[in-house]
Amino acid sequence: MRFLIVEDDALLADGLARTLRAGGHAADCVASAEHAALALKNEAFDVVLLDLGLPGMDGFELLARLRRGGNTVPVIVISARDALGDRVRGLDLGADDYLVKPFELDELGARIRALLRRHAGRADPVVEFGGFRLDPSTRKVSYLGRDVSVSGREFSLLAALLERPGRPLSRAQLEERLYGWGEEVASNSVEVHVHNLRRKLGERAIRTVRGAGYVIDGAPAEACRSAASSS
């Protein structure tokens with residue numbers, strides 16, 4: 001999952017980015033709405049964490065411009081402005097949630113997970129498909145009923161593939177989801193993650209689609225179940 005943090009308090013932005021990266025996410029930071037608008041025009045993000053009190057264009061104006069332009073990226077406002085009018089305005093302009101500073105990181109994480117569930121059209125926080133069971137709140141994975149220990153980036157890779165099962169994601173698309181600006185990315189990083197996951201899950205858990213990338217389509221689980229029922 002890739003986050004854009006729009007925050008002019010460098011210490012807070014760095015702390016949020018470090019926390020998100022420690023969980024296996026990609027997180028990029030900008031200190032102005034203008035830079036955020038440019039980043040969102042040229043790159044894809046899963047969630048924007050948006051401060052309101054920014055130099056130049058404020059967060060309200062950036063939010064309004066995004067929505068007028070048809071950009072539907074999920075936005076959580078993070079602001080010290082706790083007045084009812086500010087909260088109402090932010091939500092009416094198109095924010096998906098509004099969190100008043102200071103806040104606990106656990107609450108931010110829960111709000112992010114709830115937001116992504118709504119955007120994916122799911123009520124259940126747990127993702128289940130093709131023998132996989134992913135719990136975003138605990139970051140636990142099981143496959144065909146067996147608990148599997150995975151790293152933060154391995155969890156994020158599985159989550160990306162399971163957002164739209166059956167649709168391949170290329171190496172470049174997965175790199176974009178797993179790594180932020182300035183992070184050192186080896187040319188075979190995605191392949192290494194996939195190799196490690198196949199070692200833990202079985203070779204057929206993640207399928208390679210020649211020329212397209214990697215996909216989870218449920219076929220391995222169905223085949224395993226069929227084999228078990230016929231034995």
# chains A, B, ... in the order shown; residues from 1 in each chain; ligands from 1
>>> residues_around(residues="A:Leu116", least_positions_apart="3", cutoff="12 Å", atoms="only C-alpha atoms", output="PyMOL selection string")
chain A and resi 1+46-48+73-76+96-97+109-113+119-127+136+159-160+163
>>> select_by_dssp(residues="chain A", states="helix (DSSP H, G or I)", output="short mmCIF file (atom, residue, chain, number, x, y, z; two decimals) with N, CA, C and O atoms, in the first residue's frame")
data_model
loop_
_atom_site.label_atom_id
_atom_site.label_comp_id
_atom_site.auth_asym_id
_atom_site.auth_seq_id
_atom_site.Cartn_x
_atom_site.Cartn_y
_atom_site.Cartn_z
N ALA A 10 7.91 18.68 9.44
CA ALA A 10 8.83 17.63 9.00
C ALA A 10 8.95 16.50 10.00
O ALA A 10 9.06 15.33 9.63
N LEU A 11 8.94 16.84 11.30
CA LEU A 11 9.08 15.82 12.33
C LEU A 11 7.88 14.89 12.33
O LEU A 11 8.04 13.65 12.40
N LEU A 12 6.67 15.43 12.24
CA LEU A 12 5.47 14.61 12.21
C LEU A 12 5.42 13.77 10.94
O LEU A 12 5.11 12.58 10.98
N ALA A 13 5.73 14.39 9.80
CA ALA A 13 5.71 13.66 8.53
C ALA A 13 6.68 12.49 8.55
O ALA A 13 6.35 11.39 8.12
N ASP A 14 7.89 12.74 9.08
CA ASP A 14 8.89 11.68 9.15
C ASP A 14 8.43 10.56 10.08
O ASP A 14 8.62 9.38 9.77
N GLY A 15 7.82 10.92 11.21
CA GLY A 15 7.34 9.90 12.14
C GLY A 15 6.25 9.04 11.53
O GLY A 15 6.25 7.80 11.68
N LEU A 16 5.30 9.67 10.81
CA LEU A 16 4.25 8.91 10.14
C LEU A 16 4.84 8.00 9.07
O LEU A 16 4.45 6.83 8.95
N ALA A 17 5.77 8.53 8.29
CA ALA A 17 6.38 7.74 7.22
C ALA A 17 7.13 6.54 7.78
O ALA A 17 7.03 5.42 7.25
N ARG A 18 7.88 6.75 8.86
CA ARG A 18 8.63 5.64 9.47
C ARG A 18 7.68 4.55 9.97
O ARG A 18 7.95 3.36 9.81
N THR A 19 6.58 4.97 10.59
CA THR A 19 5.62 4.00 11.11
C THR A 19 5.00 3.19 9.97
O THR A 19 4.88 1.96 10.06
N LEU A 20 4.61 3.85 8.91
CA LEU A 20 4.00 3.16 7.77
C LEU A 20 5.00 2.23 7.10
O LEU A 20 4.66 1.09 6.73
N ARG A 21 6.23 2.68 6.93
CA ARG A 21 7.24 1.83 6.30
C ARG A 21 7.57 0.63 7.16
O ARG A 21 7.84 -0.46 6.63
N ALA A 22 7.55 0.80 8.47
CA ALA A 22 7.81 -0.32 9.37
C ALA A 22 6.75 -1.40 9.21
O ALA A 22 7.01 -2.58 9.48
N ALA A 33 0.77 21.80 -0.72
CA ALA A 33 -0.34 21.30 -1.55
C ALA A 33 0.06 21.28 -3.03
O ALA A 33 -0.38 20.39 -3.78
N GLU A 34 0.87 22.25 -3.43
CA GLU A 34 1.29 22.29 -4.84
C GLU A 34 2.10 21.04 -5.20
O GLU A 34 1.89 20.43 -6.26
N HIS A 35 3.03 20.66 -4.33
CA HIS A 35 3.81 19.45 -4.58
C HIS A 35 2.94 18.20 -4.52
O HIS A 35 3.14 17.25 -5.27
N ALA A 36 1.95 18.22 -3.63
CA ALA A 36 1.03 17.08 -3.55
C ALA A 36 0.22 16.94 -4.84
O ALA A 36 0.04 15.83 -5.35
N ALA A 37 -0.27 18.06 -5.37
CA ALA A 37 -1.05 18.02 -6.60
C ALA A 37 -0.23 17.45 -7.75
O ALA A 37 -0.72 16.65 -8.56
N LEU A 38 1.05 17.83 -7.82
CA LEU A 38 1.94 17.32 -8.87
C LEU A 38 2.17 15.82 -8.70
O LEU A 38 2.12 15.06 -9.67
N ALA A 39 2.41 15.40 -7.45
CA ALA A 39 2.63 13.98 -7.20
C ALA A 39 1.40 13.15 -7.56
O ALA A 39 1.51 12.09 -8.18
N LEU A 40 0.22 13.64 -7.20
CA LEU A 40 -1.01 12.91 -7.47
C LEU A 40 -1.36 12.90 -8.95
O LEU A 40 -2.06 12.00 -9.43
N LYS A 41 -0.87 13.88 -9.68
CA LYS A 41 -1.10 13.92 -11.12
C LYS A 41 -0.27 12.88 -11.85
O LYS A 41 -0.71 12.28 -12.84
N ASN A 42 0.94 12.64 -11.33
CA ASN A 42 1.89 11.79 -12.04
C ASN A 42 2.02 10.37 -11.50
O ASN A 42 2.53 9.50 -12.20
N GLY A 59 -4.96 22.89 2.62
CA GLY A 59 -5.48 21.55 2.36
C GLY A 59 -6.89 21.54 1.85
O GLY A 59 -7.26 20.67 1.03
N PHE A 60 -7.71 22.49 2.28
CA PHE A 60 -9.09 22.56 1.79
C PHE A 60 -9.10 22.76 0.28
O PHE A 60 -9.86 22.11 -0.45
N GLU A 61 -8.28 23.69 -0.21
CA GLU A 61 -8.27 23.99 -1.63
C GLU A 61 -7.74 22.80 -2.44
O GLU A 61 -8.26 22.48 -3.51
N LEU A 62 -6.70 22.14 -1.93
CA LEU A 62 -6.19 20.96 -2.62
C LEU A 62 -7.28 19.89 -2.72
O LEU A 62 -7.48 19.29 -3.78
N LEU A 63 -7.97 19.65 -1.62
CA LEU A 63 -9.03 18.65 -1.60
C LEU A 63 -10.12 18.99 -2.61
O LEU A 63 -10.58 18.13 -3.38
N ALA A 64 -10.53 20.27 -2.63
CA ALA A 64 -11.57 20.70 -3.57
C ALA A 64 -11.12 20.50 -5.01
O ALA A 64 -11.89 20.03 -5.87
N ARG A 65 -9.87 20.84 -5.32
CA ARG A 65 -9.36 20.69 -6.69
C ARG A 65 -9.30 19.21 -7.10
O ARG A 65 -9.62 18.86 -8.25
N LEU A 66 -8.87 18.36 -6.17
CA LEU A 66 -8.81 16.93 -6.49
C LEU A 66 -10.18 16.40 -6.86
O LEU A 66 -10.35 15.70 -7.87
N ARG A 67 -11.17 16.72 -6.05
CA ARG A 67 -12.51 16.19 -6.30
C ARG A 67 -13.15 16.80 -7.54
O ARG A 67 -13.82 16.11 -8.30
N ARG A 68 -12.91 18.08 -7.77
CA ARG A 68 -13.44 18.69 -8.99
C ARG A 68 -12.83 18.06 -10.23
O ARG A 68 -13.47 17.95 -11.28
N LEU A 84 -16.01 22.40 14.75
CA LEU A 84 -17.03 21.66 14.00
C LEU A 84 -17.10 22.13 12.56
O LEU A 84 -17.21 21.32 11.63
N GLY A 85 -17.00 23.45 12.36
CA GLY A 85 -17.09 23.98 11.00
C GLY A 85 -16.00 23.45 10.09
O GLY A 85 -16.25 23.15 8.91
N ASP A 86 -14.79 23.33 10.62
CA ASP A 86 -13.68 22.80 9.82
C ASP A 86 -13.90 21.33 9.48
O ASP A 86 -13.65 20.89 8.35
N ARG A 87 -14.35 20.57 10.46
CA ARG A 87 -14.60 19.14 10.22
C ARG A 87 -15.70 18.94 9.19
O ARG A 87 -15.57 18.12 8.28
N VAL A 88 -16.77 19.71 9.30
CA VAL A 88 -17.86 19.61 8.33
C VAL A 88 -17.39 20.02 6.94
O VAL A 88 -17.69 19.35 5.94
N ARG A 89 -16.64 21.11 6.87
CA ARG A 89 -16.15 21.57 5.57
C ARG A 89 -15.25 20.54 4.90
O ARG A 89 -15.39 20.26 3.70
N GLY A 90 -14.34 19.97 5.68
CA GLY A 90 -13.44 18.97 5.11
C GLY A 90 -14.19 17.78 4.54
O GLY A 90 -13.91 17.32 3.43
N LEU A 91 -15.16 17.29 5.30
CA LEU A 91 -15.93 16.13 4.83
C LEU A 91 -16.80 16.49 3.63
O LEU A 91 -16.93 15.72 2.68
N ASP A 92 -17.38 17.68 3.65
CA ASP A 92 -18.24 18.11 2.53
C ASP A 92 -17.44 18.35 1.26
O ASP A 92 -17.95 18.22 0.15
N LEU A 105 -1.47 6.53 16.85
CA LEU A 105 -1.20 5.84 15.59
C LEU A 105 -2.10 4.63 15.40
O LEU A 105 -2.47 4.29 14.28
N ASP A 106 -2.47 3.97 16.50
CA ASP A 106 -3.37 2.82 16.38
C ASP A 106 -4.72 3.24 15.83
O ASP A 106 -5.34 2.51 15.03
N GLU A 107 -5.20 4.42 16.24
CA GLU A 107 -6.48 4.89 15.72
C GLU A 107 -6.36 5.25 14.25
O GLU A 107 -7.25 4.93 13.45
N LEU A 108 -5.26 5.89 13.86
CA LEU A 108 -5.05 6.19 12.45
C LEU A 108 -5.05 4.91 11.63
O LEU A 108 -5.68 4.83 10.57
N GLY A 109 -4.36 3.88 12.12
CA GLY A 109 -4.32 2.60 11.40
C GLY A 109 -5.70 2.00 11.23
O GLY A 109 -6.04 1.49 10.16
N ALA A 110 -6.50 2.06 12.28
CA ALA A 110 -7.85 1.51 12.21
C ALA A 110 -8.71 2.29 11.22
O ALA A 110 -9.50 1.70 10.46
N ARG A 111 -8.57 3.61 11.21
CA ARG A 111 -9.34 4.42 10.27
C ARG A 111 -8.92 4.15 8.82
O ARG A 111 -9.75 4.13 7.91
N ILE A 112 -7.62 3.95 8.61
CA ILE A 112 -7.14 3.62 7.26
C ILE A 112 -7.75 2.29 6.81
O ILE A 112 -8.23 2.16 5.68
N ARG A 113 -7.73 1.30 7.67
CA ARG A 113 -8.28 -0.01 7.30
C ARG A 113 -9.78 0.09 7.01
O ARG A 113 -10.28 -0.53 6.05
N ALA A 114 -10.51 0.85 7.83
CA ALA A 114 -11.95 1.02 7.60
C ALA A 114 -12.21 1.73 6.27
O ALA A 114 -13.11 1.36 5.51
N LEU A 115 -11.40 2.74 5.98
CA LEU A 115 -11.54 3.48 4.73
C LEU A 115 -11.31 2.58 3.52
O LEU A 115 -12.09 2.61 2.56
N LEU A 116 -10.27 1.78 3.57
CA LEU A 116 -9.96 0.91 2.45
C LEU A 116 -11.02 -0.18 2.27
O LEU A 116 -11.32 -0.59 1.15
N ARG A 117 -11.61 -0.64 3.37
CA ARG A 117 -12.72 -1.60 3.26
C ARG A 117 -13.89 -0.97 2.50
O ARG A 117 -14.47 -1.59 1.63
N ARG A 118 -14.22 0.26 2.86
CA ARG A 118 -15.34 0.92 2.20
C ARG A 118 -15.06 1.10 0.71
O ARG A 118 -15.94 0.88 -0.13
N HIS A 119 -13.85 1.50 0.38
CA HIS A 119 -13.52 1.72 -1.03
C HIS A 119 -13.50 0.41 -1.82
O HIS A 119 -13.75 0.40 -3.02
N ALA A 120 -13.19 -0.67 -1.14
CA ALA A 120 -13.19 -1.98 -1.81
C ALA A 120 -14.57 -2.62 -1.81
O ALA A 120 -14.76 -3.69 -2.39
N GLY A 152 6.61 -7.60 6.48
CA GLY A 152 5.70 -6.51 6.18
C GLY A 152 5.50 -6.32 4.69
O GLY A 152 4.37 -6.14 4.21
N ARG A 153 6.59 -6.36 3.93
CA ARG A 153 6.47 -6.16 2.48
C ARG A 153 5.82 -7.37 1.82
O ARG A 153 5.10 -7.23 0.82
N GLU A 154 6.06 -8.55 2.33
CA GLU A 154 5.39 -9.74 1.78
C GLU A 154 3.88 -9.64 2.00
O GLU A 154 3.10 -9.97 1.11
N PHE A 155 3.48 -9.15 3.17
CA PHE A 155 2.05 -8.97 3.44
C PHE A 155 1.47 -7.95 2.45
O PHE A 155 0.39 -8.17 1.88
N SER A 156 2.17 -6.84 2.25
CA SER A 156 1.68 -5.81 1.35
C SER A 156 1.58 -6.31 -0.08
O SER A 156 0.65 -5.96 -0.82
N LEU A 157 2.51 -7.15 -0.50
CA LEU A 157 2.45 -7.72 -1.85
C LEU A 157 1.23 -8.62 -2.00
O LEU A 157 0.49 -8.53 -2.99
N LEU A 158 1.00 -9.47 -1.01
CA LEU A 158 -0.19 -10.33 -1.05
C LEU A 158 -1.47 -9.50 -1.05
O LEU A 158 -2.41 -9.79 -1.80
N ALA A 159 -1.50 -8.47 -0.21
CA ALA A 159 -2.69 -7.62 -0.15
C ALA A 159 -2.96 -6.95 -1.49
O ALA A 159 -4.11 -6.84 -1.92
N ALA A 160 -1.90 -6.50 -2.17
CA ALA A 160 -2.06 -5.87 -3.48
C ALA A 160 -2.64 -6.85 -4.49
O ALA A 160 -3.55 -6.52 -5.26
N LEU A 161 -2.12 -8.07 -4.51
CA LEU A 161 -2.61 -9.08 -5.46
C LEU A 161 -4.04 -9.51 -5.15
O LEU A 161 -4.79 -9.91 -6.05
N LEU A 162 -4.43 -9.44 -3.88
CA LEU A 162 -5.77 -9.88 -3.48
C LEU A 162 -6.80 -8.77 -3.51
O LEU A 162 -7.98 -9.02 -3.28
N GLU A 163 -6.38 -7.55 -3.83
CA GLU A 163 -7.36 -6.46 -3.96
C GLU A 163 -8.30 -6.75 -5.13
O GLU A 163 -9.51 -6.53 -5.03
N ARG A 171 5.62 -6.07 -12.39
CA ARG A 171 6.67 -5.78 -11.42
C ARG A 171 6.69 -4.29 -11.09
O ARG A 171 6.82 -3.91 -9.92
N ALA A 172 6.53 -3.44 -12.12
CA ALA A 172 6.55 -1.99 -11.89
C ALA A 172 5.39 -1.56 -10.99
O ALA A 172 5.56 -0.72 -10.11
N GLN A 173 4.22 -2.13 -11.22
CA GLN A 173 3.06 -1.79 -10.39
C GLN A 173 3.28 -2.21 -8.93
O GLN A 173 2.93 -1.48 -8.00
N LEU A 174 3.86 -3.37 -8.74
CA LEU A 174 4.11 -3.85 -7.39
C LEU A 174 5.21 -3.03 -6.71
O LEU A 174 5.11 -2.72 -5.52
N GLU A 175 6.24 -2.67 -7.45
CA GLU A 175 7.29 -1.82 -6.89
C GLU A 175 6.70 -0.49 -6.42
O GLU A 175 7.07 0.04 -5.37
N GLU A 176 5.76 0.05 -7.21
CA GLU A 176 5.13 1.32 -6.86
C GLU A 176 4.34 1.21 -5.57
O GLU A 176 4.26 2.16 -4.80
N ARG A 177 3.77 0.03 -5.32
CA ARG A 177 2.99 -0.19 -4.11
C ARG A 177 3.87 -0.45 -2.88
O ARG A 177 3.47 -0.15 -1.76
N LEU A 178 5.07 -0.99 -3.12
CA LEU A 178 5.91 -1.43 -2.00
C LEU A 178 6.99 -0.44 -1.60
O LEU A 178 7.48 -0.49 -0.47
N SER A 189 13.86 -7.01 -6.68
CA SER A 189 13.23 -7.00 -5.35
C SER A 189 11.90 -7.73 -5.34
O SER A 189 11.62 -8.54 -4.45
N VAL A 190 11.05 -7.43 -6.33
CA VAL A 190 9.73 -8.07 -6.37
C VAL A 190 9.88 -9.57 -6.57
O VAL A 190 9.20 -10.37 -5.91
N GLU A 191 10.78 -9.96 -7.46
CA GLU A 191 11.00 -11.39 -7.70
C GLU A 191 11.45 -12.09 -6.43
O GLU A 191 11.05 -13.22 -6.16
N VAL A 192 12.29 -11.42 -5.62
CA VAL A 192 12.76 -12.01 -4.37
C VAL A 192 11.59 -12.21 -3.41
O VAL A 192 11.46 -13.26 -2.77
N HIS A 193 10.72 -11.21 -3.29
CA HIS A 193 9.55 -11.33 -2.41
C HIS A 193 8.65 -12.48 -2.87
O HIS A 193 8.16 -13.26 -2.05
N VAL A 194 8.42 -12.56 -4.18
CA VAL A 194 7.56 -13.62 -4.71
C VAL A 194 8.20 -14.99 -4.46
O VAL A 194 7.52 -15.94 -4.06
N HIS A 195 9.50 -15.08 -4.67
CA HIS A 195 10.21 -16.34 -4.42
C HIS A 195 10.06 -16.77 -2.97
O HIS A 195 9.79 -17.94 -2.67
N ASN A 196 10.25 -15.81 -2.05
CA ASN A 196 10.14 -16.15 -0.62
C ASN A 196 8.72 -16.57 -0.26
O ASN A 196 8.53 -17.49 0.55
N LEU A 197 7.72 -15.90 -0.84
CA LEU A 197 6.34 -16.28 -0.57
C LEU A 197 6.02 -17.67 -1.13
O LEU A 197 5.33 -18.47 -0.48
N ARG A 198 6.51 -17.96 -2.31
CA ARG A 198 6.26 -19.29 -2.88
C ARG A 198 6.94 -20.37 -2.03
O ARG A 198 6.40 -21.47 -1.89
N ARG A 199 8.08 -20.05 -1.48
CA ARG A 199 8.76 -21.00 -0.61
C ARG A 199 7.93 -21.30 0.64
O ARG A 199 7.90 -22.44 1.12
N LYS A 200 7.24 -20.28 1.13
CA LYS A 200 6.41 -20.45 2.33
C LYS A 200 5.04 -21.02 2.03
O LYS A 200 4.46 -21.76 2.84
N LEU A 201 4.49 -20.68 0.86
CA LEU A 201 3.10 -21.02 0.54
C LEU A 201 2.96 -22.18 -0.44
O LEU A 201 1.91 -22.83 -0.47
N ALA A 219 -6.88 -20.72 -8.37
CA ALA A 219 -6.76 -22.06 -8.95
C ALA A 219 -5.97 -23.03 -8.08
O ALA A 219 -6.35 -24.19 -7.94
N PRO A 220 -4.88 -22.60 -7.44
CA PRO A 220 -4.13 -23.54 -6.60
C PRO A 220 -4.97 -24.11 -5.47
O PRO A 220 -4.93 -25.31 -5.19
N ALA A 221 -5.76 -23.27 -4.81
CA ALA A 221 -6.57 -23.75 -3.70
C ALA A 221 -7.62 -24.74 -4.19
O ALA A 221 -7.88 -25.76 -3.57
N GLU A 222 -8.24 -24.41 -5.33
CA GLU A 222 -9.26 -25.31 -5.86
C GLU A 222 -8.64 -26.65 -6.23
O GLU A 222 -9.21 -27.71 -5.98
N ALA A 223 -7.45 -26.61 -6.80
CA ALA A 223 -6.78 -27.86 -7.18
C ALA A 223 -6.44 -28.68 -5.95
O ALA A 223 -6.60 -29.89 -5.94
N CYS A 224 -5.96 -28.01 -4.91
CA CYS A 224 -5.61 -28.72 -3.67
C CYS A 224 -6.84 -29.37 -3.04
O CYS A 224 -6.79 -30.50 -2.57
N ARG A 225 -7.94 -28.65 -3.05
CA ARG A 225 -9.15 -29.19 -2.45
C ARG A 225 -9.65 -30.40 -3.26
O ARG A 225 -10.11 -31.38 -2.72
N SER A 226 -9.56 -30.28 -4.60
CA SER A 226 -10.00 -31.38 -5.43
C SER A 226 -9.17 -32.62 -5.20
O SER A 226 -9.66 -33.75 -5.12
N ALA A 227 -7.84 -32.41 -5.08
CA ALA A 227 -6.96 -33.53 -4.86
C ALA A 227 -7.25 -34.20 -3.52
O ALA A 227 -7.24 -35.42 -3.38
N ALA A 228 -7.53 -33.35 -2.51
CA ALA A 228 -7.80 -33.90 -1.19
C ALA A 228 -9.10 -34.70 -1.17
O ALA A 228 -9.20 -35.74 -0.54
N SER A 229 -10.12 -34.20 -1.89
CA SER A 229 -11.42 -34.87 -1.87
C SER A 229 -11.39 -36.19 -2.64
O SER A 229 -12.16 -37.10 -2.38
N SER A 230 -10.48 -36.31 -3.62
CA SER A 230 -10.42 -37.53 -4.43
C SER A 230 -9.53 -38.60 -3.81
O SER A 230 -9.49 -39.73 -4.27
#
>>> residues_around(residues="A:Asp51", least_positions_apart="5", cutoff="7 Å", atoms="only C-alpha atoms", output="count of residues only")
6
>>> select_by_dssp(residues="stretch 7-181 of chain A", states="strand (DSSP E)", output="PyMOL selection string")
chain A and resi 26-30+47-50+75-79+97-100+127-129+132-135+140-143+146-148
>>> write_last_selection(atoms="C-alpha atoms", output="tab-separated table (two decimals), in the first residue's frame")
chain	number	residue	atom	x	y	z
A	26	ALA	CA	5.44	2.74	0.94
A	27	ALA	CA	5.18	6.31	2.20
A	28	ASP	CA	6.18	9.54	0.47
A	29	CYS	CA	6.12	13.02	2.00
A	30	VAL	CA	5.53	16.48	0.54
A	47	VAL	CA	-4.31	6.89	0.61
A	48	VAL	CA	-3.51	10.58	1.15
A	49	LEU	CA	-2.95	11.88	4.68
A	50	LEU	CA	-3.66	15.60	4.32
A	75	VAL	CA	-8.15	11.19	1.73
A	76	ILE	CA	-7.90	11.37	5.50
A	77	VAL	CA	-7.53	14.89	6.84
A	78	ILE	CA	-5.09	15.10	9.77
A	79	SER	CA	-5.34	18.52	11.35
A	97	ASP	CA	-12.32	10.91	7.17
A	98	TYR	CA	-11.10	13.65	9.52
A	99	LEU	CA	-8.71	13.00	12.38
A	100	VAL	CA	-7.81	15.73	14.87
A	127	VAL	CA	-9.71	-10.69	3.12
A	128	GLU	CA	-10.44	-14.27	2.03
A	129	PHE	CA	-9.91	-15.69	-1.44
A	132	PHE	CA	-5.85	-17.12	1.54
A	133	ARG	CA	-6.95	-15.34	4.69
A	134	LEU	CA	-5.39	-11.94	5.41
A	135	ASP	CA	-6.21	-9.93	8.51
A	140	LYS	CA	-1.59	-12.27	9.93
A	141	VAL	CA	-1.76	-14.61	6.93
A	142	SER	CA	-3.06	-18.12	6.59
A	143	TYR	CA	-3.14	-20.25	3.45
A	146	ARG	CA	-2.17	-23.00	7.78
A	147	ASP	CA	-0.74	-19.91	9.49
A	148	VAL	CA	2.16	-18.43	7.55
>>> residues_around(residues="stretch 210-213 of chain A", least_positions_apart="4", cutoff="8 Å", atoms="only C-alpha atoms", output="PyMOL selection string")
chain A and resi 168-171
>>> write_last_selection(atoms="N, CA, C and O atoms", output="tab-separated table (two decimals), in the first residue's frame")
chain	number	residue	atom	x	y	z
A	168	PRO	N	-3.60	-9.62	-13.12
A	168	PRO	CA	-2.14	-9.58	-12.91
A	168	PRO	C	-1.66	-8.17	-12.62
A	168	PRO	O	-2.17	-7.18	-13.15
A	169	LEU	N	-0.63	-8.09	-11.76
A	169	LEU	CA	0.06	-6.83	-11.52
A	169	LEU	C	1.50	-6.99	-11.97
A	169	LEU	O	2.14	-7.99	-11.67
A	170	SER	N	2.00	-6.01	-12.70
A	170	SER	CA	3.36	-6.07	-13.21
A	170	SER	C	4.36	-5.79	-12.10
A	170	SER	O	4.01	-5.30	-11.01
A	171	ARG	N	5.62	-6.07	-12.39
A	171	ARG	CA	6.67	-5.78	-11.42
A	171	ARG	C	6.69	-4.29	-11.09
A	171	ARG	O	6.82	-3.91	-9.92
>>> closest_residue(among="A:Ala31, A:Ala83, A:Met57, A:Ala44", to="A:Arg2", atoms="only C-alpha atoms")
A:Ala44
>>> closest_residue(among="A:Gly218, A:Gly180, A:Gly69, A:Gly56", to="A:Ile206", atoms="only C-alpha atoms")
A:Gly218
>>> atom_distance(atom1="atom CA of A:Phe45", atom2="atom CA of A:Arg164")
16.1 Å
>>> atom_distance(atom1="atom CA of A:Val150", atom2="atom CA of A:Gly23")
11.4 Å
